Each structure stands twice: as structure tokens, then as C-alpha cells.
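Trainee: Sharing work12.cif below, mmCIF, C-alpha atoms:
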data_run
#
loop_
_atom_site.group_PDB
_atom_site.id
_atom_site.type_symbol
_atom_site.label_atom_id
_atom_site.label_comp_id
_atom_site.auth_asym_id
_atom_site.auth_seq_id
_atom_site.Cartn_x
_atom_site.Cartn_y
_atom_site.Cartn_z
ATOM 1 C CA MET A 184 75.469 128.460 122.211
ATOM 2 C CA THR A 185 75.693 125.515 124.576
ATOM 3 C CA THR A 186 77.021 125.707 128.124
ATOM 4 C CA GLN A 187 80.272 123.917 127.166
ATOM 5 C CA GLU A 188 80.878 126.273 124.212
ATOM 6 C CA HIS A 189 80.154 129.275 126.456
ATOM 7 C CA ASP A 190 82.776 128.030 128.956
ATOM 8 C CA HIS A 191 85.389 127.637 126.217
ATOM 9 C CA ALA A 192 84.663 131.157 124.895
ATOM 10 C CA ASP A 193 84.803 132.623 128.380
ATOM 11 C CA ARG A 194 88.162 130.895 129.085
ATOM 12 C CA ALA A 195 89.549 132.183 125.777
ATOM 13 C CA LYS A 196 88.553 135.750 126.642
ATOM 14 C CA ARG A 197 90.357 135.517 129.975
ATOM 15 C CA GLY A 198 93.529 134.246 128.286
ATOM 16 C CA HIS A 199 93.345 130.657 129.533
ATOM 17 C CA ALA A 200 94.348 127.775 127.270
ATOM 18 C CA PRO A 201 91.505 125.431 126.301
ATOM 19 C CA ALA A 202 91.328 122.053 127.949
ATOM 20 C CA VAL A 203 93.013 119.095 126.287
ATOM 21 C CA SER A 204 90.646 117.332 123.936
ATOM 22 C CA THR A 205 89.518 113.764 124.445
ATOM 23 C CA GLY A 206 91.384 112.628 121.337
ATOM 24 C CA SER A 207 94.634 114.110 122.662
ATOM 25 C CA ALA A 208 94.129 112.378 125.988
ATOM 26 C CA ARG A 209 93.568 109.060 124.288
ATOM 27 C CA ARG A 210 96.877 109.249 122.445
ATOM 28 C CA VAL A 211 98.849 108.897 125.685
ATOM 29 C CA PRO A 212 97.850 105.283 126.475
ATOM 30 C CA PHE A 213 98.317 104.263 122.840
ATOM 31 C CA ALA A 214 101.808 105.795 122.768
ATOM 32 C CA GLY A 215 102.628 103.918 125.972
ATOM 33 C CA ILE A 216 101.373 100.654 124.474
ATOM 34 C CA ALA A 217 103.534 101.162 121.380
ATOM 35 C CA LEU A 218 106.601 101.781 123.543
ATOM 36 C CA ALA A 219 105.811 98.730 125.674
ATOM 37 C CA ALA A 220 105.428 96.559 122.576
ATOM 38 C CA VAL A 221 108.802 97.623 121.185
ATOM 39 C CA GLY A 222 110.490 97.208 124.572
ATOM 40 C CA LEU A 223 109.040 93.736 125.086
ATOM 41 C CA LEU A 224 110.090 92.663 121.589
ATOM 42 C CA TRP A 225 113.625 93.866 122.287
ATOM 43 C CA MET A 226 113.769 91.986 125.590
ATOM 44 C CA ALA A 227 112.315 88.824 124.041
ATOM 45 C CA ALA A 228 114.818 88.969 121.177
ATOM 46 C CA MET A 229 117.747 89.366 123.575
ATOM 47 C CA LEU A 230 116.540 86.489 125.750
ATOM 48 C CA TRP A 231 116.027 84.219 122.746
ATOM 49 C CA SER A 232 119.447 85.103 121.309
ATOM 50 C CA ALA A 233 121.177 84.557 124.668
ATOM 51 C CA ARG A 234 119.494 81.204 125.276
ATOM 52 C CA ALA A 235 120.308 79.986 121.755
ATOM 53 C CA THR A 236 123.942 81.071 122.115
ATOM 54 C CA ILE A 237 124.405 79.505 125.564
ATOM 55 C CA THR A 238 122.738 76.192 124.760
ATOM 56 C CA GLY A 239 124.721 75.939 121.524
ATOM 57 C CA ARG A 240 128.059 75.677 123.360
ATOM 58 C CA ALA A 241 129.856 72.375 123.572
ATOM 59 C CA ASP A 242 130.899 72.364 127.249
ATOM 60 C CA ALA A 243 130.170 74.010 130.577
ATOM 61 C CA GLU A 244 133.102 76.427 130.459
ATOM 62 C CA THR A 245 132.101 77.980 127.151
ATOM 63 C CA GLU A 246 128.488 78.139 128.355
ATOM 64 C CA VAL A 247 129.577 80.238 131.348
ATOM 65 C CA VAL A 248 131.620 82.530 129.120
ATOM 66 C CA ALA A 249 128.684 82.948 126.739
ATOM 67 C CA THR A 250 126.426 83.782 129.678
ATOM 68 C CA ALA A 251 128.839 86.472 130.856
ATOM 69 C CA TYR A 252 128.947 87.990 127.366
ATOM 70 C CA ALA A 253 125.149 87.963 127.000
ATOM 71 C CA LEU A 254 124.290 89.247 130.480
ATOM 72 C CA PRO A 255 124.798 93.033 129.930
ATOM 73 C CA GLY A 256 122.640 93.030 126.809
ATOM 74 C CA ILE A 257 119.794 91.182 128.528
ATOM 75 C CA VAL A 258 119.967 93.444 131.575
ATOM 76 C CA SER A 259 119.849 96.592 129.417
ATOM 77 C CA ALA A 260 116.819 95.316 127.505
ATOM 78 C CA ALA A 261 115.096 94.286 130.765
ATOM 79 C CA LEU A 262 115.562 97.765 132.227
ATOM 80 C CA VAL A 263 113.930 99.434 129.237
ATOM 81 C CA ALA A 264 111.176 96.824 128.886
ATOM 82 C CA GLY A 265 110.323 97.052 132.587
ATOM 83 C CA ALA A 266 110.026 100.836 132.416
ATOM 84 C CA ALA A 267 108.091 100.772 129.134
ATOM 85 C CA LEU A 268 105.568 98.179 130.290
ATOM 86 C CA ALA A 269 105.117 99.966 133.619
ATOM 87 C CA LEU A 270 104.405 103.244 131.793
ATOM 88 C CA ALA A 271 101.775 101.501 129.665
ATOM 89 C CA VAL A 272 100.083 99.971 132.712
ATOM 90 C CA LEU A 273 100.256 103.316 134.503
ATOM 91 C CA GLY A 274 98.601 105.050 131.573
ATOM 92 C CA LEU A 275 95.821 102.471 131.475
ATOM 93 C CA ALA A 276 95.318 102.745 135.237
ATOM 94 C CA GLY A 277 94.619 106.474 134.909
ATOM 95 C CA ARG A 278 93.139 108.112 137.983
ATOM 96 C CA ARG A 279 93.465 104.967 140.073
ATOM 97 C CA ALA A 280 97.242 105.483 140.280
ATOM 98 C CA ARG A 281 97.446 109.229 140.926
ATOM 99 C CA GLY A 282 99.018 109.041 144.370
ATOM 100 C CA THR A 283 102.762 108.589 144.713
ATOM 101 C CA SER A 284 102.484 105.345 146.675
ATOM 102 C CA ALA A 285 99.890 103.894 144.306
ATOM 103 C CA ARG A 286 101.949 104.927 141.285
ATOM 104 C CA PHE A 287 105.134 103.279 142.521
ATOM 105 C CA ALA A 288 103.195 100.189 143.608
ATOM 106 C CA VAL A 289 101.769 99.779 140.107
ATOM 107 C CA THR A 290 105.045 100.386 138.264
ATOM 108 C CA THR A 291 107.266 98.336 140.573
ATOM 109 C CA GLY A 292 104.783 95.463 140.613
ATOM 110 C CA THR A 293 104.633 95.493 136.826
ATOM 111 C CA GLY A 294 108.423 95.407 136.566
ATOM 112 C CA LEU A 295 108.616 92.587 139.091
ATOM 113 C CA ALA A 296 106.072 90.485 137.178
ATOM 114 C CA LEU A 297 107.933 91.039 133.909
ATOM 115 C CA GLY A 298 111.261 90.242 135.558
ATOM 116 C CA ALA A 299 109.915 86.949 136.900
ATOM 117 C CA LEU A 300 108.786 85.957 133.414
ATOM 118 C CA GLY A 301 112.045 87.110 131.837
ATOM 119 C CA ALA A 302 114.130 85.064 134.256
ATOM 120 C CA VAL A 303 112.430 81.793 133.245
ATOM 121 C CA PRO A 304 114.210 81.342 129.845
ATOM 122 C CA ILE A 305 117.598 81.755 131.550
ATOM 123 C CA ILE A 306 116.994 79.684 134.678
ATOM 124 C CA THR A 307 115.534 76.762 132.723
ATOM 125 C CA ILE A 308 118.732 76.356 130.694
ATOM 126 C CA ASN A 309 120.025 74.293 133.594
ATOM 127 C CA THR A 310 117.981 74.318 136.794
ATOM 128 C CA ALA A 311 120.772 72.493 138.656
ATOM 129 C CA GLY A 312 123.364 75.230 138.046
ATOM 130 C CA TRP A 313 123.558 78.326 140.247
ATOM 131 C CA VAL A 314 125.077 80.351 137.394
ATOM 132 C CA TYR A 315 121.791 80.530 135.519
ATOM 133 C CA ALA A 316 119.877 81.259 138.697
ATOM 134 C CA VAL A 317 122.146 84.265 139.315
ATOM 135 C CA ALA A 318 121.785 85.422 135.709
ATOM 136 C CA GLY A 319 118.006 85.026 135.837
ATOM 137 C CA GLY A 320 117.838 86.875 139.150
ATOM 138 C CA THR A 321 119.847 89.729 137.653
ATOM 139 C CA VAL A 322 117.387 89.985 134.767
ATOM 140 C CA ALA A 323 114.479 90.020 137.230
ATOM 141 C CA ALA A 324 116.148 92.747 139.286
ATOM 142 C CA ALA A 325 116.750 94.847 136.166
ATOM 143 C CA ALA A 326 113.111 94.672 135.060
ATOM 144 C CA THR A 327 111.949 95.533 138.578
ATOM 145 C CA ILE A 328 114.249 98.562 138.773
ATOM 146 C CA GLY A 329 113.088 99.652 135.326
ATOM 147 C CA GLY A 330 109.489 99.447 136.487
ATOM 148 C CA ALA A 331 110.303 101.503 139.578
ATOM 149 C CA LEU A 332 111.915 104.199 137.408
ATOM 150 C CA ALA A 333 108.613 104.590 135.561
ATOM 151 C CA GLY A 334 106.985 105.717 138.791
ATOM 152 C CA PHE A 335 108.755 109.065 138.885
ATOM 153 C CA ARG A 336 106.805 112.283 138.568
ATOM 154 C CA GLU A 337 107.484 112.996 134.878
ATOM 155 C CA PRO A 338 106.555 109.865 132.890
ATOM 156 C CA ARG A 339 107.146 111.743 129.634
ATOM 157 C CA VAL A 340 110.844 112.015 130.467
ATOM 158 C CA VAL A 341 111.057 108.291 131.248
ATOM 159 C CA ALA A 342 109.242 107.433 128.015
ATOM 160 C CA ALA A 343 111.571 109.671 125.998
ATOM 161 C CA ALA A 344 114.612 108.043 127.623
ATOM 162 C CA CYS A 345 113.218 104.589 126.769
ATOM 163 C CA TRP A 346 112.684 105.504 123.122
ATOM 164 C CA ALA A 347 116.175 106.996 123.043
ATOM 165 C CA ALA A 348 117.642 103.825 124.568
ATOM 166 C CA ILE A 349 115.984 101.770 121.827
ATOM 167 C CA ALA A 350 117.506 104.147 119.271
ATOM 168 C CA VAL A 351 120.960 103.677 120.815
ATOM 169 C CA PHE A 352 120.524 99.917 120.556
ATOM 170 C CA ALA A 353 119.465 100.267 116.906
ATOM 171 C CA VAL A 354 122.569 102.329 116.156
ATOM 172 C CA GLY A 355 124.810 99.762 117.828
ATOM 173 C CA PHE A 356 123.131 96.876 116.015
ATOM 174 C CA THR A 357 123.499 98.598 112.631
ATOM 175 C CA LEU A 358 127.164 99.389 113.196
ATOM 176 C CA ASN A 359 127.884 95.823 114.289
ATOM 177 C CA VAL A 360 126.371 94.556 111.035
ATOM 178 C CA VAL A 361 128.909 96.629 109.063
ATOM 179 C CA GLN A 362 131.685 96.192 111.624
ATOM 180 C CA THR A 363 134.223 94.560 109.285
ATOM 181 C CA PRO A 364 134.360 97.335 106.648
ATOM 182 C CA LEU A 365 134.394 99.971 109.386
ATOM 183 C CA LEU A 366 137.327 98.313 111.120
ATOM 184 C CA ASP A 367 139.149 98.204 107.797
ATOM 185 C CA ALA A 368 138.412 101.907 107.330
ATOM 186 C CA PHE A 369 139.855 102.589 110.775
ATOM 187 C CA GLY A 370 143.110 100.906 109.796
ATOM 188 C CA ALA A 371 142.757 97.359 111.126
ATOM 189 C CA GLY A 372 145.572 95.279 109.687
ATOM 190 C CA GLY A 373 147.453 92.128 110.463
ATOM 191 C CA THR A 374 149.067 93.405 113.661
ATOM 192 C CA SER A 375 147.427 93.369 117.081
ATOM 193 C CA ALA A 376 148.270 97.050 117.595
ATOM 194 C CA SER A 377 146.363 98.117 114.479
ATOM 195 C CA GLN A 378 143.403 95.932 115.401
ATOM 196 C CA THR A 379 143.286 97.372 118.921
ATOM 197 C CA SER A 380 143.457 100.923 117.584
ATOM 198 C CA ALA A 381 140.697 100.236 115.053
ATOM 199 C CA ALA A 382 138.525 98.646 117.734
ATOM 200 C CA GLY A 383 138.966 101.730 119.910
ATOM 201 C CA TRP A 384 137.917 104.062 117.097
ATOM 202 C CA PHE A 385 134.957 101.811 116.329
ATOM 203 C CA SER A 386 133.822 101.896 119.956
ATOM 204 C CA LEU A 387 134.183 105.680 120.089
ATOM 205 C CA THR A 388 132.204 106.100 116.865
ATOM 206 C CA GLN A 389 129.447 103.841 118.160
ATOM 207 C CA SER A 390 129.232 105.756 121.436
ATOM 208 C CA VAL A 391 129.154 109.201 119.808
ATOM 209 C CA LEU A 392 126.544 108.193 117.222
ATOM 210 C CA GLY A 393 124.516 106.537 119.957
ATOM 211 C CA GLY A 394 124.645 109.727 122.010
ATOM 212 C CA LEU A 395 123.564 111.826 119.028
ATOM 213 C CA ALA A 396 120.653 109.456 118.400
ATOM 214 C CA ALA A 397 119.708 109.539 122.094
ATOM 215 C CA GLY A 398 119.588 113.334 122.191
ATOM 216 C CA ALA A 399 117.683 113.667 118.911
ATOM 217 C CA VAL A 400 115.089 110.993 119.701
ATOM 218 C CA SER A 401 114.476 112.141 123.274
ATOM 219 C CA PHE A 402 114.068 115.759 122.120
ATOM 220 C CA THR A 403 111.611 114.734 119.390
ATOM 221 C CA VAL A 404 109.529 112.621 121.759
ATOM 222 C CA LEU A 405 109.313 115.360 124.379
ATOM 223 C CA ARG A 406 108.452 118.083 121.863
ATOM 224 C CA ARG A 407 105.604 115.996 120.456
ATOM 225 C CA SER A 408 104.236 114.903 123.820
ATOM 226 C CA ALA A 409 100.997 116.343 125.141
ATOM 227 C CA GLY A 410 100.946 118.457 128.266
ATOM 228 C CA GLU A 411 102.655 121.543 129.619
ATOM 229 C CA PRO A 412 106.110 122.497 128.250
ATOM 230 C CA LEU A 413 109.007 121.038 130.195
ATOM 231 C CA ARG A 414 112.017 122.879 131.552
ATOM 232 C CA TRP A 415 115.307 122.470 129.743
ATOM 233 C CA PRO A 416 117.013 120.333 132.446
ATOM 234 C CA LEU A 417 114.417 117.620 131.840
ATOM 235 C CA TYR A 418 115.415 117.548 128.166
ATOM 236 C CA ALA A 419 118.989 117.030 129.288
ATOM 237 C CA VAL A 420 117.943 114.222 131.635
ATOM 238 C CA ALA A 421 116.006 112.502 128.846
ATOM 239 C CA GLY A 422 118.949 112.805 126.448
ATOM 240 C CA ALA A 423 121.337 111.430 129.059
ATOM 241 C CA GLY A 424 118.845 108.698 130.041
ATOM 242 C CA PRO A 425 120.153 105.945 127.721
ATOM 243 C CA GLY A 426 123.695 106.474 128.968
ATOM 244 C CA LEU A 427 122.514 106.392 132.569
ATOM 245 C CA LEU A 428 120.677 103.137 131.836
ATOM 246 C CA LEU A 429 123.868 101.702 130.340
ATOM 247 C CA ALA A 430 125.786 102.718 133.459
ATOM 248 C CA LEU A 431 123.081 101.114 135.610
ATOM 249 C CA THR A 432 123.363 97.996 133.467
ATOM 250 C CA GLU A 433 127.062 97.782 134.170
ATOM 251 C CA ALA A 434 126.455 98.336 137.879
ATOM 252 C CA LEU A 435 123.930 95.478 137.976
ATOM 253 C CA ALA A 436 126.265 93.208 136.027
ATOM 254 C CA ARG A 437 129.083 93.913 138.501
ATOM 255 C CA THR A 438 126.913 93.453 141.591
ATOM 256 C CA ALA A 439 123.939 91.139 141.063
ATOM 257 C CA GLY A 440 125.697 89.277 138.250
ATOM 258 C CA ALA A 441 129.211 89.487 139.714
ATOM 259 C CA ARG A 442 129.437 85.732 140.358
ATOM 260 C CA VAL A 443 128.778 85.007 136.696
ATOM 261 C CA LEU A 444 131.488 87.407 135.548
ATOM 262 C CA ASP A 445 133.941 86.090 138.163
ATOM 263 C CA LEU A 446 133.345 82.487 137.129
ATOM 264 C CA ALA A 447 133.856 83.373 133.472
ATOM 265 C CA GLY A 448 137.136 85.080 134.393
ATOM 266 C CA ARG A 449 138.381 81.876 136.026
ATOM 267 C CA VAL A 450 138.266 79.985 132.758
ATOM 268 C CA SER A 451 141.607 81.470 131.714
ATOM 269 C CA GLU A 452 143.818 84.485 132.248
ATOM 270 C CA LEU A 453 142.927 85.703 128.773
ATOM 271 C CA GLU A 454 139.230 85.534 129.542
ATOM 272 C CA LEU A 455 139.756 87.436 132.795
ATOM 273 C CA THR A 456 141.564 90.189 130.900
ATOM 274 C CA VAL A 457 138.839 90.313 128.262
ATOM 275 C CA GLN A 458 136.090 90.608 130.880
ATOM 276 C CA ARG A 459 137.868 93.494 132.586
ATOM 277 C CA MET A 460 138.478 95.273 129.275
ATOM 278 C CA LEU A 461 134.858 94.840 128.204
ATOM 279 C CA GLY A 462 133.582 96.147 131.530
ATOM 280 C CA GLY A 463 135.746 99.266 131.263
ATOM 281 C CA ALA A 464 134.774 99.811 127.640
ATOM 282 C CA ARG A 465 131.048 99.523 128.448
ATOM 283 C CA LEU A 466 131.346 102.059 131.262
ATOM 284 C CA ASN A 467 133.315 104.507 129.112
ATOM 285 C CA SER A 468 130.738 104.136 126.339
ATOM 286 C CA ALA A 469 127.930 104.839 128.803
ATOM 287 C CA MET A 470 129.584 108.058 129.952
ATOM 288 C CA ILE A 471 130.045 109.238 126.364
ATOM 289 C CA VAL A 472 126.375 108.559 125.607
ATOM 290 C CA VAL A 473 125.396 110.479 128.758
ATOM 291 C CA PHE A 474 127.247 113.654 127.823
ATOM 292 C CA VAL A 475 126.661 113.588 124.058
ATOM 293 C CA GLY A 476 122.976 112.769 124.522
ATOM 294 C CA ALA A 477 122.409 115.544 127.057
ATOM 295 C CA ILE A 478 124.293 118.161 125.017
ATOM 296 C CA THR A 479 122.485 117.167 121.812
ATOM 297 C CA ALA A 480 119.063 117.479 123.446
ATOM 298 C CA ILE A 481 119.932 120.905 124.908
ATOM 299 C CA VAL A 482 121.285 122.194 121.583
ATOM 300 C CA LEU A 483 118.181 121.028 119.717
ATOM 301 C CA LEU A 484 115.968 122.670 122.314
ATOM 302 C CA GLY A 485 117.958 125.890 122.078
ATOM 303 C CA ARG A 486 117.451 126.035 118.315
ATOM 304 C CA THR A 487 113.680 126.138 118.852
ATOM 305 C CA LEU A 488 113.858 129.172 121.152
ATOM 306 C CA GLY A 489 113.540 132.643 119.693
ATOM 307 C CA PRO A 490 115.998 135.458 120.412
ATOM 308 C CA ALA A 491 115.487 137.259 123.689
ATOM 309 C CA ARG A 492 113.999 140.727 123.383
ATOM 310 C CA ASP A 493 115.575 143.632 125.282
ATOM 311 C CA ASP A 494 113.764 146.363 127.176
ATOM 312 C CA ARG A 495 113.607 148.676 124.165
ATOM 313 C CA ASP A 496 111.860 146.031 122.079
ATOM 314 C CA THR A 497 109.412 145.440 124.916
ATOM 315 C CA ALA A 498 108.681 149.156 125.294
ATOM 316 C CA ALA A 499 108.199 149.532 121.540
ATOM 317 C CA ALA A 500 105.838 146.579 121.448
ATOM 318 C CA GLU A 501 103.805 148.038 124.320
ATOM 319 C CA ALA A 502 103.656 151.454 122.618
#
Output the file's structure as C-alpha cells, nothing else.
Mentor:
Amino acid sequence: MTTQEHDHADRAKRGHAPAVSTGSARRVPFAGIALAAVGLLWMAAMLWSARATITGRADAETEVVATAYALPGIVSAALVAGAALALAVLGLAGRRARGTSARFAVTTGTGLALGALGAVPIITINTAGWVYAVAGGTVAAAATIGGALAGFREPRVVAAACWAAIAVFAVGFTLNVVQTPLLDAFGAGGTSASQTSAAGWFSLTQSVLGGLAAGAVSFTVLRRSAGEPLRWPLYAVAGAGPGLLLALTEALARTAGARVLDLAGRVSELELTVQRMLGGARLNSAMIVVFVGAITAIVLLGRTLGPARDDRDTAAAEA
């Protein structure tokens, strides 16, 4: 028996778990790279779609309105992409980024670099207009904040929240593809009242399904991750993560991108009303995703736990 095998046998006799194998350790960077690839593709797709939509408008007013509509989606994608790429870089850095300061320096710097690149497609739409500079700066800030979030102590929770956020986006995209038949099913007719009611039910359905997807995906990612078992509050945080990111998206849009939204609201009174309604709807949707996602993750975790044994069962087992 070799020295290494003797150590493993000795640890097993003493009741210690064996060390994580090299193959298990190698899966962590590859999982981070996969998440970063998906996050970057999502951000690139949102930037390309926004640029194509904005540049396809006929005049400056409609370009501003299109920018205001596209800004929350780009910011949300930049948050997730910044965190995902920072996690991948952190995993590749390994021991060189073990300290708290070094870890946050790596993740924040990665998010900042990605944000600078992501701002270029927006700013170059019209370098003479401050609107696109503000929008590009908001995207850069979102990616930087996302990178900073990846520097927290439990990267598995951040990674699970990122995967869950991508799942929420996938649910929303799928429902928007079949939006017309769903609105008809919700009773949308020829009157504005019926259309408003159907739109409200559609938004609620999208939020609830997004929350269910967030809780299920985050729970699955955490259960399959390598390392020590996590406490149940961290499952709740991961499930609520996509909703918290959506709330952070709205906060960035109302602060860093406030001038863009204000300028779009000056186009007409109708547009001002629409912007306010959309902002409120996005915030309400984020809160629903927070609570449904957290509850779903906790319920799924609870189903994996066995029934608690009482003292008599313990005494019988010992006997």
C-alpha cells in the first residue's frame, strides 16, 4: 500500500471524508466558463438587438424612446454577464485570488473591463449625443457591479443566481413569443379595459413562472455543486437572486440612466405615462420573482430532507 492510499484509509477509519478528487476540482473552472459563455452571449444578443432597434428609427425622438425601452434589458444582461465572467476569471485565478481584497480586485476589474467593451456598441450609435453616452455608462456600471457581486464569499450562490437569472430570461422570452394567444386566453378583446386586464394577467403569469424557474434552477445548481453542503438561507438567497438582480436593474435605470428615461418621457404625455407604468410593472415583477424564487428553492430543499428522529428513535438506534 502506498503512502497516499494509507492516508486515505487512515482518514476513513477516523470518520473523515476523503479529499476532493482532482477531476472534481477541475469541473469548477469548466462550469464557470460555461456560465460565462452563456452570460456573454446573452449580453451580446441584447446589445445587438438594442443597437439594431435604435438605429432603425426614423428620427431622433423615436431613437430616444427606443433607447429607454431597451435600457433595462441591456442592464440586466450586463449584470449577469459581469458576474458570470468574473466567476470564471476567479476560478481560473485559483490560489492567487484567495484573499478578500485580491478576490474583489479580480472580480471588479473583470466587470469593469467587460462594461467598457459593452458600452462601445451603444456610445458609437451617435458619439455627439449625450443620451448614448449615459446609456453606455449605465451598461458599464451594471457590468462592474455584477463583477463586484462575484467577489462575495460564496461563489456557488452567485453562480446559481446567474443561472437562475438566465432561466428567468428564457421563460420571459418564450412567453413573449406566444404572447398573442396568451392575451386572447386572458380575455383581451376590443376594449382597452379588457386589454389592460389581460396584460396584467400576462405579466403576473410571467413573473410567477419566472420565480418558479429561478427557484428550481438555483436549487439544482447548488445541489450539484462540489463542496460542503450549504445552509438553507443560502438556497433562499440564490432563489431570490434573479429577482434581486431585476430590482437592481430598475434601480440603475432610474439613477444612472434616469436622464434617458426622463428625455423619453418628454416626447409626449402618453410616453411619460407609459414609462412610469413600465417602471412600476418591472419593480412589481422583480418582487414577485424574489418571493416565489426563494420559497420554491426552500420547498425543494425541504423535500430532500428526511424526517427528524425523536429521542426514542435515537435511543433505539444506539441500543
Trainee: Would you mind telling me which residue in A:Ile328, A:Leu387, A:Val322, A:Leu484 lies nearest to Met226 of chain A when using all atoms listed in the file?
Mentor: A:Val322
Trainee: Figure out the distance between atom CA of Ala480 of chain A and atom CA of Asn359 of chain A, please, to one decimal in Å.
Mentor: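 Taking atom CA of Asn359 of chain A and atom CA of Ala480 of chain A, their separation equals 25.1 Å.
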Trainee: For Ala477 of chain A, which residue out of A:Ala423, A:Ala227, A:Val391, A:Leu262 is the nearest one, using only C-alpha atoms?
Mentor: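 So, comparing all the options, the nearest one is A:Ala423.
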Trainee: Can you turn the PyMOL selection byres ((chain A and resi 390) around 9) into a concrete residue list for this file, as an MDAnalysis selection string?
Mentor: chainID A and resid 351 355 385:389 391:395 467:472 475
Trainee: Rounded to one decimal, what separation in Å do you get between atom CA of Gly298 of chain A and atom CA of Gly265 of chain A?
Mentor: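 Interatomic distance here is 7.5 Å.
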Trainee: Residues near segment 399-408 of chain A, anyone? I mean within 8 Å using only C-alpha atoms, not counting same-chain ones fewer than 5 positions away, as a list of chain:residue names.
Mentor: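 Result of the neighbour search: A:Arg339, A:Val340, A:Ala343, A:Ala344, A:Trp346, A:Ala347, A:Ala350, A:Tyr418, A:Ala421, A:Gly422, A:Gly476, A:Thr479, A:Ala480, A:Leu483, A:Leu484.
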Trainee: Can you tell me which residues surround Thr307 of chain A at a distance of at most 10 Å, considering only C-alpha atoms, apart from same-chain residues fewer than 4 positions away, and format the answer as a list in words?
Mentor: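 Those residues are Arg234, Ala302, Val303, Ala311, Gly312, Tyr315, Ala316 and Gly319 of chain A.
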Trainee: Output the selection as a tab-separated table (two decimals), in the coordinates of the input - C-alpha atoms for each residue.
Mentor:
chain	number	residue	atom	x	y	z
A	234	ARG	CA	119.49	81.20	125.28
A	302	ALA	CA	114.13	85.06	134.26
A	303	VAL	CA	112.43	81.79	133.24
A	311	ALA	CA	120.77	72.49	138.66
A	312	GLY	CA	123.36	75.23	138.05
A	315	TYR	CA	121.79	80.53	135.52
A	316	ALA	CA	119.88	81.26	138.70
A	319	GLY	CA	118.01	85.03	135.84
Trainee: Expand the PyMOL selection byres ((chain A and resi 435) around 10) into the explicit residue set it covers here, and present it as a list of chain:residue names.
Mentor: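 Written out, the selection comes to A:Leu254, A:Pro255, A:Val258, A:Ser259, A:Thr321, A:Val322, A:Ala324, A:Ala325, A:Leu429, A:Ala430, A:Leu431, A:Thr432, A:Glu433, A:Ala434, A:Ala436, A:Arg437, A:Thr438, A:Ala439, A:Gly440, A:Ala441.
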Trainee: To one decimal place, how far is atom CA of Thr290 of chain A from atom CA of Leu223 of chain A in Å?
Mentor: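 Computing the Euclidean distance for atom CA of Thr290 of chain A and atom CA of Leu223 of chain A yields 15.3 Å.
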Trainee: If we count only C-alpha atoms, what is near Ala249 of chain A at a cut-off of 6 Å, once residues fewer than 3 positions away on the same chain are taken out, given as a list in words?
Mentor: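 These residues fall inside the cut-off: Ile237, Glu246 and Tyr252 of chain A.
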Trainee: Choose the residue, out of A:Leu413, A:Leu218, A:Ile478, A:Leu297, that has the smallest atom-to-atom separation from Ala348 of chain A; count all atoms listed in the file.
Mentor: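 Among the listed residues, A:Leu218 lies closest to Ala348 of chain A.
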Trainee: Write out as a PyMOL selection string each polymer residue whose atoms come within 12 Å of Phe335 of chain A, counting all atoms listed in the file; drop sequence neighbours fewer than 6 positions from it.
Mentor: chain A and resi 266+269-270+273+281-291+328-329+341-342
Trainee: Evaluate the PyMOL selection byres ((chain A and resi 243) around 12) and record the selected residues as a list of chain:residue names, following the chain and residue labels used in the document.
Mentor: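 Given this file, the PyMOL selection byres ((chain A and resi 243) around 12) evaluates to A:Ile237, A:Thr238, A:Gly239, A:Arg240, A:Ala241, A:Asp242, A:Glu244, A:Thr245, A:Glu246, A:Val247, A:Val248, A:Ala249, A:Thr250, A:Ile308, A:Asn309, A:Gly312, A:Val314, A:Tyr315, A:Leu446, A:Ala447, A:Val450.
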Trainee: Missing atoms in segment 366-377 of chain A need filling: write out N, CA, C and O atoms for it as a PDB file, keeping the file's coordinate frame.
Mentor:
ATOM      1  N   LEU A 366     136.010  98.575 110.528  1.00  0.00           N
ATOM      2  CA  LEU A 366     137.327  98.313 111.120  1.00  0.00           C
ATOM      3  C   LEU A 366     138.430  98.455 110.079  1.00  0.00           C
ATOM      4  O   LEU A 366     139.522  98.969 110.380  1.00  0.00           O
ATOM      5  N   ASP A 367     138.164  98.016 108.863  1.00  0.00           N
ATOM      6  CA  ASP A 367     139.149  98.204 107.797  1.00  0.00           C
ATOM      7  C   ASP A 367     139.375  99.681 107.518  1.00  0.00           C
ATOM      8  O   ASP A 367     140.507 100.117 107.269  1.00  0.00           O
ATOM      9  N   ALA A 368     138.287 100.472 107.559  1.00  0.00           N
ATOM     10  CA  ALA A 368     138.412 101.907 107.330  1.00  0.00           C
ATOM     11  C   ALA A 368     139.196 102.590 108.443  1.00  0.00           C
ATOM     12  O   ALA A 368     139.878 103.595 108.206  1.00  0.00           O
ATOM     13  N   PHE A 369     139.126 102.034 109.640  1.00  0.00           N
ATOM     14  CA  PHE A 369     139.855 102.589 110.775  1.00  0.00           C
ATOM     15  C   PHE A 369     141.295 102.083 110.848  1.00  0.00           C
ATOM     16  O   PHE A 369     141.998 102.397 111.803  1.00  0.00           O
ATOM     17  N   GLY A 370     141.706 101.308 109.883  1.00  0.00           N
ATOM     18  CA  GLY A 370     143.110 100.906 109.796  1.00  0.00           C
ATOM     19  C   GLY A 370     143.452  99.579 110.407  1.00  0.00           C
ATOM     20  O   GLY A 370     144.626  99.326 110.735  1.00  0.00           O
ATOM     21  N   ALA A 371     142.460  98.686 110.577  1.00  0.00           N
ATOM     22  CA  ALA A 371     142.757  97.359 111.126  1.00  0.00           C
ATOM     23  C   ALA A 371     143.567  96.554 110.122  1.00  0.00           C
ATOM     24  O   ALA A 371     143.172  96.401 108.963  1.00  0.00           O
ATOM     25  N   GLY A 372     144.706  96.056 110.560  1.00  0.00           N
ATOM     26  CA  GLY A 372     145.572  95.279 109.687  1.00  0.00           C
ATOM     27  C   GLY A 372     145.903  93.927 110.285  1.00  0.00           C
ATOM     28  O   GLY A 372     145.121  93.355 111.054  1.00  0.00           O
ATOM     29  N   GLY A 373     147.057  93.438 109.974  1.00  0.00           N
ATOM     30  CA  GLY A 373     147.453  92.128 110.463  1.00  0.00           C
ATOM     31  C   GLY A 373     148.096  92.145 111.838  1.00  0.00           C
ATOM     32  O   GLY A 373     148.302  91.085 112.437  1.00  0.00           O
ATOM     33  N   THR A 374     148.429  93.314 112.351  1.00  0.00           N
ATOM     34  CA  THR A 374     149.067  93.405 113.661  1.00  0.00           C
ATOM     35  C   THR A 374     148.024  93.635 114.751  1.00  0.00           C
ATOM     36  O   THR A 374     146.949  94.216 114.516  1.00  0.00           O
ATOM     37  N   SER A 375     148.349  93.191 115.959  1.00  0.00           N
ATOM     38  CA  SER A 375     147.427  93.369 117.081  1.00  0.00           C
ATOM     39  C   SER A 375     147.276  94.841 117.454  1.00  0.00           C
ATOM     40  O   SER A 375     146.202  95.273 117.897  1.00  0.00           O
ATOM     41  N   ALA A 376     148.337  95.626 117.269  1.00  0.00           N
ATOM     42  CA  ALA A 376     148.270  97.050 117.595  1.00  0.00           C
ATOM     43  C   ALA A 376     147.270  97.776 116.699  1.00  0.00           C
ATOM     44  O   ALA A 376     146.464  98.593 117.170  1.00  0.00           O
ATOM     45  N   SER A 377     147.298  97.472 115.403  1.00  0.00           N
ATOM     46  CA  SER A 377     146.363  98.117 114.479  1.00  0.00           C
ATOM     47  C   SER A 377     144.925  97.681 114.749  1.00  0.00           C
ATOM     48  O   SER A 377     143.992  98.479 114.657  1.00  0.00           O
TER      49      SER A 377
END
